[in-house]
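Enquirer: My file is data.cif. It has mmCIF, C-alpha atoms (C1' of nucleotides):
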```cif
data_target
loop_
_atom_site.label_atom_id
_atom_site.label_comp_id
_atom_site.auth_asym_id
_atom_site.auth_seq_id
_atom_site.Cartn_x
_atom_site.Cartn_y
_atom_site.Cartn_z
CA MET A 1 -1.61 23.20 -71.63
CA PRO A 2 -0.74 26.83 -72.48
CA LYS A 3 -4.16 28.46 -72.25
CA THR A 4 -3.10 31.49 -74.24
CA ILE A 5 -0.33 32.21 -76.63
CA HIS A 6 1.82 34.86 -75.03
CA ALA A 7 4.28 37.18 -76.61
CA PRO A 8 7.69 35.88 -75.63
CA GLU A 9 8.73 37.00 -72.16
CA ALA A 10 5.17 38.06 -71.30
CA ARG A 11 4.67 35.46 -68.58
CA ARG A 12 8.09 36.23 -67.19
CA ASP A 13 7.26 39.91 -66.97
CA GLU A 14 3.95 39.18 -65.29
CA LEU A 15 5.76 37.22 -62.61
CA VAL A 16 8.29 39.99 -62.02
CA ALA A 17 5.53 42.58 -61.78
CA ALA A 18 3.60 40.43 -59.31
CA ALA A 19 6.69 39.92 -57.15
CA TYR A 20 7.32 43.66 -57.29
CA ARG A 21 3.81 44.37 -56.05
CA GLU A 22 4.12 41.75 -53.33
CA ILE A 23 7.35 43.32 -52.06
CA ALA A 24 5.73 46.76 -52.14
CA THR A 25 2.88 45.62 -49.93
CA SER A 26 4.48 42.95 -47.73
CA GLY A 27 8.21 43.52 -47.96
CA PHE A 28 10.79 40.78 -48.40
CA GLU A 29 9.51 39.47 -45.08
CA GLY A 30 6.25 38.54 -46.78
CA LEU A 31 7.44 37.51 -50.22
CA ARG A 32 6.19 33.99 -51.01
CA THR A 33 6.66 32.24 -54.31
CA ARG A 34 3.18 30.74 -54.07
CA GLU A 35 1.61 34.15 -53.66
CA VAL A 36 3.47 35.49 -56.65
CA ALA A 37 2.51 32.57 -58.84
CA GLY A 38 -1.06 32.74 -57.58
CA ALA A 39 -1.33 36.45 -58.36
CA VAL A 40 -0.51 35.63 -61.98
CA GLY A 41 -2.87 32.66 -61.93
CA VAL A 42 -0.14 30.13 -62.48
CA ASN A 43 1.31 27.12 -60.72
CA VAL A 44 4.37 27.46 -58.50
CA ALA A 45 6.25 25.10 -60.76
CA THR A 46 5.71 27.49 -63.63
CA LEU A 47 7.38 30.24 -61.63
CA HIS A 48 10.34 27.97 -61.05
CA TYR A 49 10.42 27.22 -64.74
CA TYR A 50 11.21 30.89 -65.41
CA PHE A 51 13.14 31.57 -62.21
CA PRO A 52 14.99 28.52 -60.89
CA THR A 53 15.29 30.03 -57.44
CA LYS A 54 13.58 32.73 -55.44
CA GLU A 55 16.80 34.73 -55.56
CA ASP A 56 16.65 34.77 -59.35
CA LEU A 57 13.17 36.22 -59.14
CA ILE A 58 14.35 38.89 -56.70
CA ARG A 59 17.23 39.88 -58.99
CA ALA A 60 14.77 40.39 -61.82
CA VAL A 61 12.66 42.61 -59.56
CA VAL A 62 15.73 44.69 -58.75
CA GLY A 63 16.35 45.36 -62.41
CA TYR A 64 12.70 46.22 -62.95
CA ALA A 65 12.68 48.70 -60.05
CA MET A 66 15.95 50.33 -61.06
CA SER A 67 14.83 50.93 -64.61
CA ARG A 68 11.99 53.11 -63.34
CA PHE A 69 14.34 55.79 -62.04
CA GLN A 70 16.09 56.75 -65.24
CA SER A 71 13.42 59.26 -66.17
CA THR A 72 13.89 61.76 -63.34
CA LEU A 73 17.20 63.16 -64.51
CA ALA A 74 16.05 64.86 -67.72
CA GLN A 75 18.70 65.83 -70.19
CA GLN A 76 18.06 69.33 -71.46
CA GLY A 77 18.10 72.96 -70.43
CA THR A 78 20.32 74.90 -68.06
CA ALA A 79 21.68 73.32 -64.92
CA MET A 80 19.01 75.08 -62.87
CA GLU A 81 16.28 73.87 -65.18
CA ARG A 82 17.58 70.34 -64.94
CA LEU A 83 17.76 70.52 -61.15
CA ARG A 84 14.17 71.70 -61.05
CA GLY A 85 13.28 68.91 -63.46
CA HIS A 86 14.84 66.35 -61.15
CA PHE A 87 12.82 67.51 -58.16
CA ARG A 88 9.68 67.67 -60.27
CA GLY A 89 10.33 64.20 -61.67
CA LEU A 90 10.67 62.69 -58.21
CA ARG A 91 7.49 64.36 -57.02
CA ARG A 92 5.62 63.01 -60.01
CA LEU A 93 7.06 59.54 -59.54
CA ALA A 94 6.16 59.53 -55.84
CA HIS A 95 2.64 60.50 -56.79
CA GLU A 96 2.19 58.10 -59.66
CA GLU A 97 4.09 55.09 -58.36
CA PRO A 98 4.33 55.20 -54.58
CA GLU A 99 5.04 51.45 -54.54
CA LEU A 100 8.33 52.14 -56.26
CA PHE A 101 9.65 53.95 -53.21
CA ARG A 102 8.53 51.24 -50.85
CA VAL A 103 10.35 48.68 -52.96
CA MET A 104 13.46 50.87 -53.18
CA ALA A 105 13.49 51.25 -49.40
CA GLU A 106 13.32 47.48 -49.04
CA LEU A 107 16.18 47.09 -51.50
CA MET A 108 18.36 49.63 -49.70
CA ILE A 109 17.89 47.88 -46.39
CA ARG A 110 18.49 44.50 -47.92
CA SER A 111 21.68 45.65 -49.58
CA SER A 112 23.46 45.45 -46.24
CA ARG A 113 23.01 41.69 -46.38
CA ASP A 114 23.28 41.06 -50.12
CA GLN A 115 26.67 41.81 -51.62
CA LYS A 116 25.50 41.81 -55.23
CA LEU A 117 22.55 44.05 -54.50
CA ALA A 118 24.86 46.37 -52.55
CA GLU A 119 27.05 46.78 -55.60
CA ILE A 120 24.07 47.72 -57.76
CA ILE A 121 22.82 50.25 -55.22
CA ARG A 122 26.30 51.68 -54.84
CA LYS A 123 26.52 52.38 -58.57
CA LEU A 124 23.09 54.01 -58.58
CA ASN A 125 24.15 56.25 -55.70
CA GLU A 126 27.39 57.15 -57.39
CA TYR A 127 25.59 58.12 -60.58
CA TRP A 128 23.08 60.17 -58.63
CA HIS A 129 25.79 61.98 -56.65
CA SER A 130 27.95 62.80 -59.65
CA THR A 131 25.01 64.03 -61.70
CA LEU A 132 23.86 66.33 -58.91
CA ARG A 133 27.41 67.52 -58.33
CA SER A 134 27.90 68.59 -61.91
CA LEU A 135 24.47 70.20 -62.01
CA LEU A 136 25.33 72.21 -58.90
CA ARG A 137 28.66 73.23 -60.41
CA GLY A 138 26.84 74.30 -63.55
CA ALA A 139 24.34 76.29 -61.49
CA LYS A 140 27.19 78.10 -59.79
CA GLU A 141 28.66 79.07 -63.15
CA GLU A 142 25.23 80.32 -64.16
CA ARG A 143 25.47 82.44 -60.98
CA ALA A 144 22.18 80.96 -59.82
CA LEU A 145 23.69 79.49 -56.66
CA PRO A 146 25.29 81.20 -53.64
CA LYS A 147 29.08 81.06 -53.72
CA ASP A 148 29.39 79.45 -50.31
CA VAL A 149 27.61 76.30 -51.43
CA ASP A 150 30.00 73.41 -51.89
CA PRO A 151 28.67 71.25 -54.76
CA ASP A 152 30.20 68.15 -53.26
CA GLY A 153 28.72 68.61 -49.81
CA MET A 154 25.41 69.89 -51.08
CA SER A 155 24.90 66.99 -53.44
CA ALA A 156 25.41 64.70 -50.47
CA VAL A 157 22.81 66.65 -48.49
CA ILE A 158 20.34 66.52 -51.35
CA VAL A 159 20.72 62.78 -51.82
CA ALA A 160 20.41 62.12 -48.10
CA THR A 161 17.38 64.38 -47.74
CA LEU A 162 15.58 62.92 -50.73
CA LYS A 163 16.22 59.43 -49.40
CA GLY A 164 14.92 60.41 -46.00
CA VAL A 165 11.89 62.15 -47.43
CA TYR A 166 10.86 59.58 -50.00
CA LEU A 167 12.08 56.31 -48.55
CA LEU A 168 11.34 56.79 -44.85
CA PRO A 169 8.23 58.95 -44.86
CA GLU A 170 5.93 59.37 -41.93
CA ARG A 171 3.09 57.19 -43.02
CA PHE A 172 0.39 58.71 -40.87
CA GLY A 173 -0.95 62.17 -40.87
CA PRO A 174 -0.77 64.36 -43.95
CA PRO A 175 2.52 64.44 -45.87
CA GLU A 176 3.35 67.87 -44.46
CA ALA A 177 6.90 67.08 -43.46
CA LEU A 178 7.67 65.90 -46.98
CA ASP A 179 6.52 69.17 -48.53
CA LYS A 180 8.17 71.32 -45.87
CA ALA A 181 11.48 69.58 -46.23
CA LEU A 182 11.45 69.74 -50.01
CA ARG A 183 10.45 73.40 -50.01
CA GLN A 184 13.20 74.37 -47.60
CA LEU A 185 15.77 72.29 -49.47
CA GLU A 186 14.80 73.88 -52.78
CA HIS A 187 14.99 77.30 -51.12
CA THR A 188 18.48 76.56 -49.79
CA ILE A 189 19.78 75.76 -53.25
CA GLY A 190 17.93 78.66 -54.84
CA LEU A 191 15.30 76.70 -56.71
CA ARG A 192 12.53 78.87 -55.25
CA MET B 1 16.33 22.96 -14.17
CA PRO B 2 17.32 26.62 -13.76
CA LYS B 3 21.08 26.43 -14.08
CA THR B 4 21.64 29.81 -12.50
CA ILE B 5 19.66 32.04 -10.28
CA HIS B 6 18.87 35.14 -12.26
CA ALA B 7 17.84 38.50 -11.06
CA PRO B 8 14.20 38.90 -12.02
CA GLU B 9 13.76 39.98 -15.65
CA ALA B 10 17.32 38.98 -16.50
CA ARG B 11 16.39 36.12 -18.79
CA ARG B 12 13.75 38.27 -20.39
CA ASP B 13 16.28 41.01 -21.09
CA GLU B 14 18.75 38.52 -22.53
CA LEU B 15 16.12 37.34 -24.98
CA VAL B 16 15.24 40.87 -26.04
CA ALA B 17 18.91 41.72 -26.54
CA ALA B 18 19.44 38.57 -28.61
CA ALA B 19 16.43 39.35 -30.79
CA TYR B 20 17.72 42.89 -31.20
CA ARG B 21 21.10 41.60 -32.41
CA GLU B 22 19.43 39.13 -34.73
CA ILE B 23 17.34 41.89 -36.32
CA ALA B 24 20.44 44.06 -36.66
CA THR B 25 22.29 41.38 -38.61
CA SER B 26 19.51 39.57 -40.46
CA GLY B 27 16.54 41.90 -40.44
CA PHE B 28 12.97 40.86 -39.72
CA GLU B 29 13.30 38.67 -42.78
CA GLY B 30 15.74 36.49 -40.85
CA LEU B 31 14.34 36.67 -37.34
CA ARG B 32 13.73 33.14 -36.01
CA THR B 33 12.58 32.33 -32.52
CA ARG B 34 14.85 29.28 -32.41
CA GLU B 35 17.88 31.39 -33.26
CA VAL B 36 17.05 33.89 -30.57
CA ALA B 37 16.54 31.21 -27.94
CA GLY B 38 19.68 29.44 -29.09
CA ALA B 39 21.76 32.60 -28.82
CA VAL B 40 20.79 32.81 -25.17
CA GLY B 41 21.37 29.08 -24.73
CA VAL B 42 17.78 28.33 -23.90
CA ASN B 43 14.97 26.21 -25.27
CA VAL B 44 12.37 27.71 -27.63
CA ALA B 45 9.66 26.94 -25.14
CA THR B 46 11.42 29.13 -22.61
CA LEU B 47 11.25 32.01 -25.04
CA HIS B 48 7.53 31.44 -25.40
CA TYR B 49 7.22 31.35 -21.64
CA TYR B 50 8.37 34.99 -21.54
CA PHE B 51 6.88 36.06 -24.87
CA PRO B 52 3.73 34.16 -25.81
CA THR B 53 4.08 35.11 -29.46
CA LYS B 54 6.83 36.29 -31.74
CA GLU B 55 5.01 39.61 -32.03
CA ASP B 56 5.30 40.12 -28.28
CA LEU B 57 9.04 39.63 -28.56
CA ILE B 58 9.23 42.16 -31.39
CA ARG B 59 7.29 44.73 -29.39
CA ALA B 60 9.78 44.36 -26.56
CA VAL B 61 12.64 44.92 -29.02
CA VAL B 62 10.95 48.09 -30.23
CA GLY B 63 10.87 49.48 -26.72
CA TYR B 64 14.48 48.52 -26.18
CA ALA B 65 15.63 50.24 -29.39
CA MET B 66 13.61 53.38 -28.74
CA SER B 67 15.01 53.84 -25.26
CA ARG B 68 18.50 54.15 -26.72
CA PHE B 69 17.72 57.41 -28.48
CA GLN B 70 16.78 59.56 -25.53
CA SER B 71 20.37 60.54 -24.86
CA THR B 72 21.11 62.53 -28.03
CA LEU B 73 18.97 65.53 -27.18
CA ALA B 74 20.94 66.86 -24.20
CA GLN B 75 19.21 69.36 -22.00
CA GLN B 76 21.55 72.21 -21.23
CA GLY B 77 23.25 75.22 -22.77
CA THR B 78 22.16 77.64 -25.44
CA ALA B 79 20.07 76.52 -28.39
CA MET B 80 23.18 76.43 -30.56
CA GLU B 81 25.04 74.35 -28.01
CA ARG B 82 22.17 71.95 -27.76
CA LEU B 83 21.96 71.66 -31.55
CA ARG B 84 25.66 70.88 -31.71
CA GLY B 85 25.16 68.39 -28.90
CA HIS B 86 22.46 66.63 -30.86
CA PHE B 87 24.67 66.23 -33.92
CA ARG B 88 27.57 65.11 -31.74
CA GLY B 89 25.37 62.65 -29.88
CA LEU B 90 24.18 61.04 -33.11
CA ARG B 91 27.73 60.73 -34.40
CA ARG B 92 28.81 59.08 -31.17
CA LEU B 93 25.83 56.73 -31.20
CA ALA B 94 26.48 55.76 -34.83
CA HIS B 95 30.06 54.99 -33.89
CA GLU B 96 29.38 53.12 -30.69
CA GLU B 97 26.18 51.29 -31.63
CA PRO B 98 25.91 50.97 -35.40
CA GLU B 99 23.43 48.10 -34.93
CA LEU B 100 20.96 50.54 -33.44
CA PHE B 101 20.59 52.32 -36.76
CA ARG B 102 20.15 49.11 -38.68
CA VAL B 103 17.38 48.09 -36.31
CA MET B 104 15.76 51.52 -36.52
CA ALA B 105 15.80 51.33 -40.30
CA GLU B 106 14.08 47.96 -40.13
CA LEU B 107 11.48 49.37 -37.76
CA MET B 108 10.77 52.37 -39.98
CA ILE B 109 10.21 50.17 -42.98
CA ARG B 110 8.07 47.77 -41.01
CA SER B 111 5.93 50.57 -39.65
CA SER B 112 4.16 50.80 -42.99
CA ARG B 113 2.71 47.35 -42.32
CA ASP B 114 2.29 47.47 -38.55
CA GLN B 115 -0.23 49.98 -37.30
CA LYS B 116 0.92 49.90 -33.68
CA LEU B 117 4.56 50.29 -34.61
CA ALA B 118 3.62 53.14 -36.94
CA GLU B 119 2.01 54.98 -34.06
CA ILE B 120 5.16 54.64 -31.95
CA ILE B 121 7.39 55.85 -34.76
CA ARG B 122 5.04 58.73 -35.47
CA LYS B 123 5.34 59.95 -31.90
CA LEU B 124 9.11 59.69 -31.99
CA ASN B 125 9.19 61.73 -35.19
CA GLU B 126 6.88 64.33 -33.76
CA TYR B 127 9.03 64.74 -30.67
CA TRP B 128 12.16 65.00 -32.79
CA HIS B 129 10.62 67.60 -35.10
CA SER B 130 9.23 69.78 -32.35
CA THR B 131 12.46 69.69 -30.38
CA LEU B 132 14.50 70.73 -33.40
CA ARG B 133 11.96 73.39 -34.31
CA SER B 134 12.19 75.06 -30.92
CA LEU B 135 15.98 74.78 -30.92
CA LEU B 136 16.11 76.49 -34.31
CA ARG B 137 13.76 79.22 -33.11
CA GLY B 138 15.99 79.69 -30.08
CA ALA B 139 19.06 79.89 -32.29
CA LYS B 140 17.41 82.60 -34.34
CA GLU B 141 16.71 84.62 -31.21
CA GLU B 142 20.35 84.17 -30.25
CA ARG B 143 21.08 85.68 -33.69
CA ALA B 144 23.16 82.63 -34.51
CA LEU B 145 21.02 81.63 -37.49
CA PRO B 146 20.36 83.46 -40.78
CA LYS B 147 16.98 85.22 -40.83
CA ASP B 148 15.81 83.51 -44.00
CA VAL B 149 15.85 80.09 -42.37
CA ASP B 150 12.37 78.82 -41.59
CA PRO B 151 12.57 76.74 -38.39
CA ASP B 152 9.67 74.59 -39.48
CA GLY B 153 11.07 73.77 -42.91
CA MET B 154 14.63 73.43 -41.72
CA SER B 155 13.73 71.01 -38.93
CA ALA B 156 12.06 68.88 -41.59
CA VAL B 157 15.21 69.02 -43.72
CA ILE B 158 17.40 68.09 -40.78
CA VAL B 159 15.24 65.13 -39.81
CA ALA B 160 15.07 63.88 -43.38
CA THR B 161 18.79 64.29 -43.95
CA LEU B 162 19.75 62.57 -40.71
CA LYS B 163 17.43 59.71 -41.57
CA GLY B 164 18.92 59.42 -45.03
CA VAL B 165 22.46 59.64 -43.74
CA TYR B 166 22.20 57.30 -40.79
CA LEU B 167 19.48 54.86 -41.81
CA LEU B 168 20.21 54.40 -45.51
CA PRO B 169 23.98 54.71 -45.70
CA GLU B 170 26.07 53.54 -48.57
CA ARG B 171 27.52 50.44 -47.07
CA PHE B 172 30.51 50.10 -49.32
CA GLY B 173 33.37 52.43 -49.75
CA PRO B 174 34.41 54.83 -47.01
CA PRO B 175 31.67 56.81 -45.25
CA GLU B 176 32.56 59.96 -47.19
CA ALA B 177 29.04 60.87 -48.17
CA LEU B 178 27.95 60.75 -44.56
CA ASP B 179 30.62 63.22 -43.46
CA LYS B 180 30.13 65.50 -46.45
CA ALA B 181 26.40 65.68 -45.96
CA LEU B 182 26.65 66.33 -42.24
CA ARG B 183 29.31 68.99 -42.71
CA GLN B 184 27.29 70.83 -45.33
CA LEU B 185 24.12 70.55 -43.28
CA GLU B 186 25.87 71.92 -40.21
CA HIS B 187 27.30 74.72 -42.32
CA THR B 188 23.86 75.61 -43.66
CA ILE B 189 22.44 76.04 -40.17
CA GLY B 190 25.55 77.85 -38.95
CA LEU B 191 26.95 75.14 -36.72
CA ARG B 192 30.36 75.45 -38.41
"C1'" DC C 1 0.89 12.55 -89.40
"C1'" DT C 2 4.84 12.26 -86.35
"C1'" DC C 3 8.10 14.08 -83.42
"C1'" DC C 4 10.15 17.60 -80.72
"C1'" DT C 5 10.17 21.50 -77.64
"C1'" DA C 6 8.16 25.06 -74.77
"C1'" DA C 7 4.97 25.73 -71.20
"C1'" DT C 8 2.09 24.26 -67.69
"C1'" DC C 9 -0.01 21.63 -63.79
"C1'" DA C 10 -1.06 18.26 -59.86
"C1'" DA C 11 1.23 16.07 -56.46
"C1'" DT C 12 4.80 15.58 -53.46
"C1'" DC C 13 9.19 16.21 -50.75
"C1'" DA C 14 12.24 17.80 -47.20
"C1'" DG C 15 13.22 21.01 -44.18
"C1'" DA C 16 11.92 25.11 -41.58
"C1'" DT C 17 9.03 27.42 -38.32
"C1'" DG C 18 5.81 29.21 -34.64
"C1'" DA C 19 3.66 27.22 -31.05
"C1'" DT C 20 2.04 23.66 -27.46
"C1'" DT C 21 2.27 19.94 -24.06
"C1'" DG C 22 3.57 17.46 -20.13
"C1'" DA C 23 7.10 16.39 -17.33
"C1'" DA C 24 11.04 17.69 -14.75
"C1'" DT C 25 13.93 20.78 -11.58
"C1'" DC C 26 14.90 24.27 -8.25
"C1'" DA C 27 14.14 27.80 -4.49
"C1'" DC C 28 11.56 28.91 -0.71
"C1'" DG C 29 8.16 29.18 2.87
"C1'" DA C 30 5.21 26.57 6.14
"C1'" DT D 1 10.13 17.80 5.02
"C1'" DC D 2 6.46 18.80 2.11
"C1'" DG D 3 4.14 21.54 -1.07
"C1'" DT D 4 3.86 25.29 -4.24
"C1'" DG D 5 5.00 28.33 -7.84
"C1'" DA D 6 8.39 29.86 -11.07
"C1'" DT D 7 11.46 28.10 -14.85
"C1'" DT D 8 13.13 25.13 -18.08
"C1'" DC D 9 13.43 21.28 -21.36
"C1'" DA D 10 12.57 17.31 -24.72
"C1'" DA D 11 9.37 16.04 -27.83
"C1'" DT D 12 5.84 16.93 -30.86
"C1'" DC D 13 2.25 19.35 -33.86
"C1'" DA D 14 0.40 21.64 -37.69
"C1'" DT D 15 1.46 24.44 -41.08
"C1'" DC D 16 4.28 26.88 -44.23
"C1'" DT D 17 7.65 27.16 -47.80
"C1'" DG D 18 11.06 26.61 -51.57
"C1'" DA D 19 11.83 23.30 -54.74
"C1'" DT D 20 11.34 18.89 -57.66
"C1'" DT D 21 9.12 15.27 -60.38
"C1'" DG D 22 6.56 13.25 -63.93
"C1'" DA D 23 2.85 13.73 -66.78
"C1'" DT D 24 0.10 16.65 -70.10
"C1'" DT D 25 -0.93 19.88 -73.78
"C1'" DA D 26 -0.34 22.98 -77.68
"C1'" DG D 27 2.03 24.47 -81.65
"C1'" DG D 28 5.49 24.10 -85.17
"C1'" DA D 29 9.02 21.51 -88.19
"C1'" DG D 30 9.81 17.93 -91.36
#
```
Output the file's structure as structure tokens, nothing else.
Expert:
Amino acid sequence: MPKTIHAPEARRDELVAAAYREIATSGFEGLRTREVAGAVGVNVATLHYYFPTKEDLIRAVVGYAMSRFQSTLAQQGTAMERLRGHFRGLRRLAHEEPELFRVMAELMIRSSRDQKLAEIIRKLNEYWHSTLRSLLRGAKEERALPKDVDPDGMSAVIVATLKGVYLLPERFGPPEALDKALRQLEHTIGLR
Amino acid sequence: MPKTIHAPEARRDELVAAAYREIATSGFEGLRTREVAGAVGVNVATLHYYFPTKEDLIRAVVGYAMSRFQSTLAQQGTAMERLRGHFRGLRRLAHEEPELFRVMAELMIRSSRDQKLAEIIRKLNEYWHSTLRSLLRGAKEERALPKDVDPDGMSAVIVATLKGVYLLPERFGPPEALDKALRQLEHTIGLR
DNA sequence: CTCCTAATCAATCAGATGATTGAATCACGA
DNA sequence: TCGTGATTCAATCATCTGATTGATTAGGAG
């Protein structure tokens, strides 16, 4: 009894979005297929029609979350402009979609127990590292960066700091530490 | 039928340690009271004799994990020596008790859904920040740190980077990124 | 109209899971 | 030796949870 005619894939997407929200608020610890189905207003069996197992649903959520990060590494301007754009993009994303970072944190932790997920995260990290590295190299050629900065090491610091700042924030009290850390980091690499 | 005479609290400690190991390997997602009791070779009811609820057990694990961090902020020498000692202590801890960092990561994530846990983590962070801040100030007075380093901002960067490096590591491939990031960070604050 | 397929639901299953109960068992002091 | 309190266990409960089954409905093809 399909109550409404959906565009193809619409129901599927609804389920993924609901699972994503559930993970953001309750973590994998609290992810229940019934809750997800209920949030969409659909029977559990319908969920299993689209995703044979819970794992299949989780995989779809992973893809959904990953796709949301592509935007923060903009593709134009000088290396310095692109570095600034990256920091700005992350700030915006953290402001507009805080759930995304909660879900990413859950995924990172889970990757130590899920081989396939680990591989996906590893590739994302690698891409992130290499992009930052070449941006830092470019910034050095533009003479916008101190000579004693090693692009390799500094890209590792930036990635680690951004992870620490965005994925393991201090949830109570004002987000002072986040701003302080970002400001100092940007100062260290000459963005301010 | 107590098979062995235990020193008081021994059974209790065994259970906490088992739960700690279980969290390290399976996360909260996979924490089961039966498993914990089984690992100690004891009936589930015995676990509930010591810990009325699963939450009580988790709280005990939190205390156990926290207590393991006190050692890395040694209390003697110049500010620079103590800073080096802190970095060295963390490296040693990560080498000797890698589970500790997996458990800490789980706790940090969970703190966004557990008010009491959040309060505990907040205090730990505060202590960490303020200790680093005063060490950095001391290092500046010892003229071992560049003048343009802001102790407040830099302590935030250090905390965030260490969190990123130790709590959200890239689990596959050699731990290159960890070393690179630490080296660069130490270089930035003049420890190398 | 008839038949087929996609989509959906109510009902149910089997196993897991946190917790409780009541009965043992042991050490120790009176 | 007897009683008492601290521990422990086997058995059981109630509920949760991922998954399956069989029936039902709507829309489109022939």
Enquirer: Determine the residue set returned by the PyMOL selection byres ((chain D) within 9 of (chain A)) for the present structure, and present it as a PyMOL selection string.
Expert: chain D and resi 17-20+24-26
Enquirer: Between CA of Gly190 in chain A and CA of Leu145 in chain A, what is the distance, to one decimal in Å?
Expert: 6.1 Å
Enquirer: Could you list, as a PyMOL selection string, every residue within 10 Å of range 125-133 of chain B, counting all atoms listed in the file and ignoring same-chain residues fewer than 3 positions away?
Expert: (chain A and resi 170+177) or (chain B and resi 73+79+82-83+86+119-122+136-139+150-159)
Enquirer: With only C-alpha atoms (C1' of nucleotides) as the counted atoms, please give the residues lying no more than 7 Å from Glu99 in chain A, apart from itself and same-chain residues fewer than 3 positions off, as a CSV table (one decimal) with C-alpha atoms, in the frame of the given file.
Expert:
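After the write, out_21.csv holds the following:
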```
chain,number,residue,atom,x,y,z
A,24,ALA,CA,5.7,46.8,-52.1
A,102,ARG,CA,8.5,51.2,-50.8
A,103,VAL,CA,10.4,48.7,-53.0
```
Enquirer: Suppose you want the space between CA of Leu100 in chain A and CA of Gly77 in chain A; what is it in Å?
Expert: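 Between CA of Leu100 in chain A and CA of Gly77 in chain A the gap works out to 27.0 Å.
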Enquirer: Rounded to one decimal place, report the CA of Phe101 in chain A-CA of Pro169 in chain A distance in Å.
Expert: 9.8 Å
Enquirer: Taking (9.3, 24.1, -84.9) as a centre in this file's frame and 8 Å as the limit, can you find every polymer residue with an atom that close, using only C-alpha atoms (C1' of nucleotides), and give them as a VMD selection string?
Expert: (chain C and resid 4 to 5) or (chain D and resid 27 to 29)
Enquirer: Go ahead and write the selection's residues with C-alpha atoms (C1' of nucleotides) as a compact mmCIF listing (two decimals), in the coordinates of the input.
Expert:
```
# COMPACT_ATOMS: atom_id res chain seq x y z
C1' DC C 4 10.15 17.60 -80.72
C1' DT C 5 10.17 21.50 -77.64
C1' DG D 27 2.03 24.47 -81.65
C1' DG D 28 5.49 24.10 -85.17
C1' DA D 29 9.02 21.51 -88.19
```
Enquirer: Leaving out range 58-68 of chain B and any residue of its chain fewer than 2 positions from it, which residues lie within 12 Å of it when counting all atoms listed in the file, given as a VMD selection string?
Expert: chain B and resid 12 to 24 27 to 28 31 to 33 36 50 to 56 70 to 73 89 to 90 93 to 94 96 to 108 110 to 111 114 116 to 121 123 to 125
Enquirer: Convert the output of the PyMOL selection byres ((chain C) within 9 of (chain B)) on the shown file into explicit residues, formatted as an mmCIF file with C-alpha atoms (C1' of nucleotides), keeping the file's coordinate frame.
Expert:
```cif
data_model
loop_
_atom_site.group_PDB
_atom_site.id
_atom_site.type_symbol
_atom_site.label_atom_id
_atom_site.label_comp_id
_atom_site.auth_asym_id
_atom_site.auth_seq_id
_atom_site.Cartn_x
_atom_site.Cartn_y
_atom_site.Cartn_z
ATOM 1 C "C1'" DT C 17 9.030 27.420 -38.320
ATOM 2 C "C1'" DG C 18 5.810 29.210 -34.640
ATOM 3 C "C1'" DA C 19 3.660 27.220 -31.050
ATOM 4 C "C1'" DT C 20 2.040 23.660 -27.460
ATOM 5 C "C1'" DA C 24 11.040 17.690 -14.750
ATOM 6 C "C1'" DT C 25 13.930 20.780 -11.580
ATOM 7 C "C1'" DC C 26 14.900 24.270 -8.250
#
```
Enquirer: Looking at only C-alpha atoms, which of A:Phe87, A:Tyr166, A:Phe69, A:Tyr49 is the one that sits closest to chain B?
Expert: A:Tyr166
Enquirer: Run the PyMOL selection byres ((chain D and resi 13) around 10) mentally over the shown coordinates, then write out the matched residues as JSON, numbers by chain, using the chain letters and numbers from the document.
Expert: {"C": [19, 20, 21], "D": [11, 12, 14, 15]}
Enquirer: Quick one: everything within 12 Å of DT4 in chain D, counting all atoms listed in the file, minus sequence neighbours fewer than 5 positions away in the same chain. Send it as a PDB file with C-alpha atoms (C1' of nucleotides), in the frame of the given file.
Expert:
```
ATOM      1  C1'  DC C  26      14.900  24.270  -8.250  1.00  0.00           C
ATOM      2  C1'  DA C  27      14.140  27.800  -4.490  1.00  0.00           C
ATOM      3  C1'  DC C  28      11.560  28.910  -0.710  1.00  0.00           C
ATOM      4  C1'  DG C  29       8.160  29.180   2.870  1.00  0.00           C
ATOM      5  C1'  DA C  30       5.210  26.570   6.140  1.00  0.00           C
TER       6       DA C  30
END
```
Enquirer: Can you work out which one of B:Glu35, B:His95, B:Ile189, B:Glu29 has the shortest atom-to-atom distance to chain A, counting all atoms listed in the file?
Expert: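 Smallest separation from chain A among the options: B:Glu29.
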Enquirer: Rank B:Thr78, B:Thr161, B:Thr25, B:Thr46 by their smallest atom-to-atom distance to chain A, using only C-alpha atoms, and report the top residue only.
Expert: B:Thr161
Enquirer: Restricting the calculation to only C-alpha atoms: of B:Leu57, B:Gly30, B:Arg92, B:Val40, which residue gets closest to chain A?
Expert: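 Smallest distance to chain A is found for B:Gly30.
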Enquirer: Using only C-alpha atoms, which residue out of A:Arg143, A:Arg11, A:Lys163, A:Arg91 lies closest to chain B?
Expert: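 Of the candidates, the smallest distance to chain B is held by A:Lys163.
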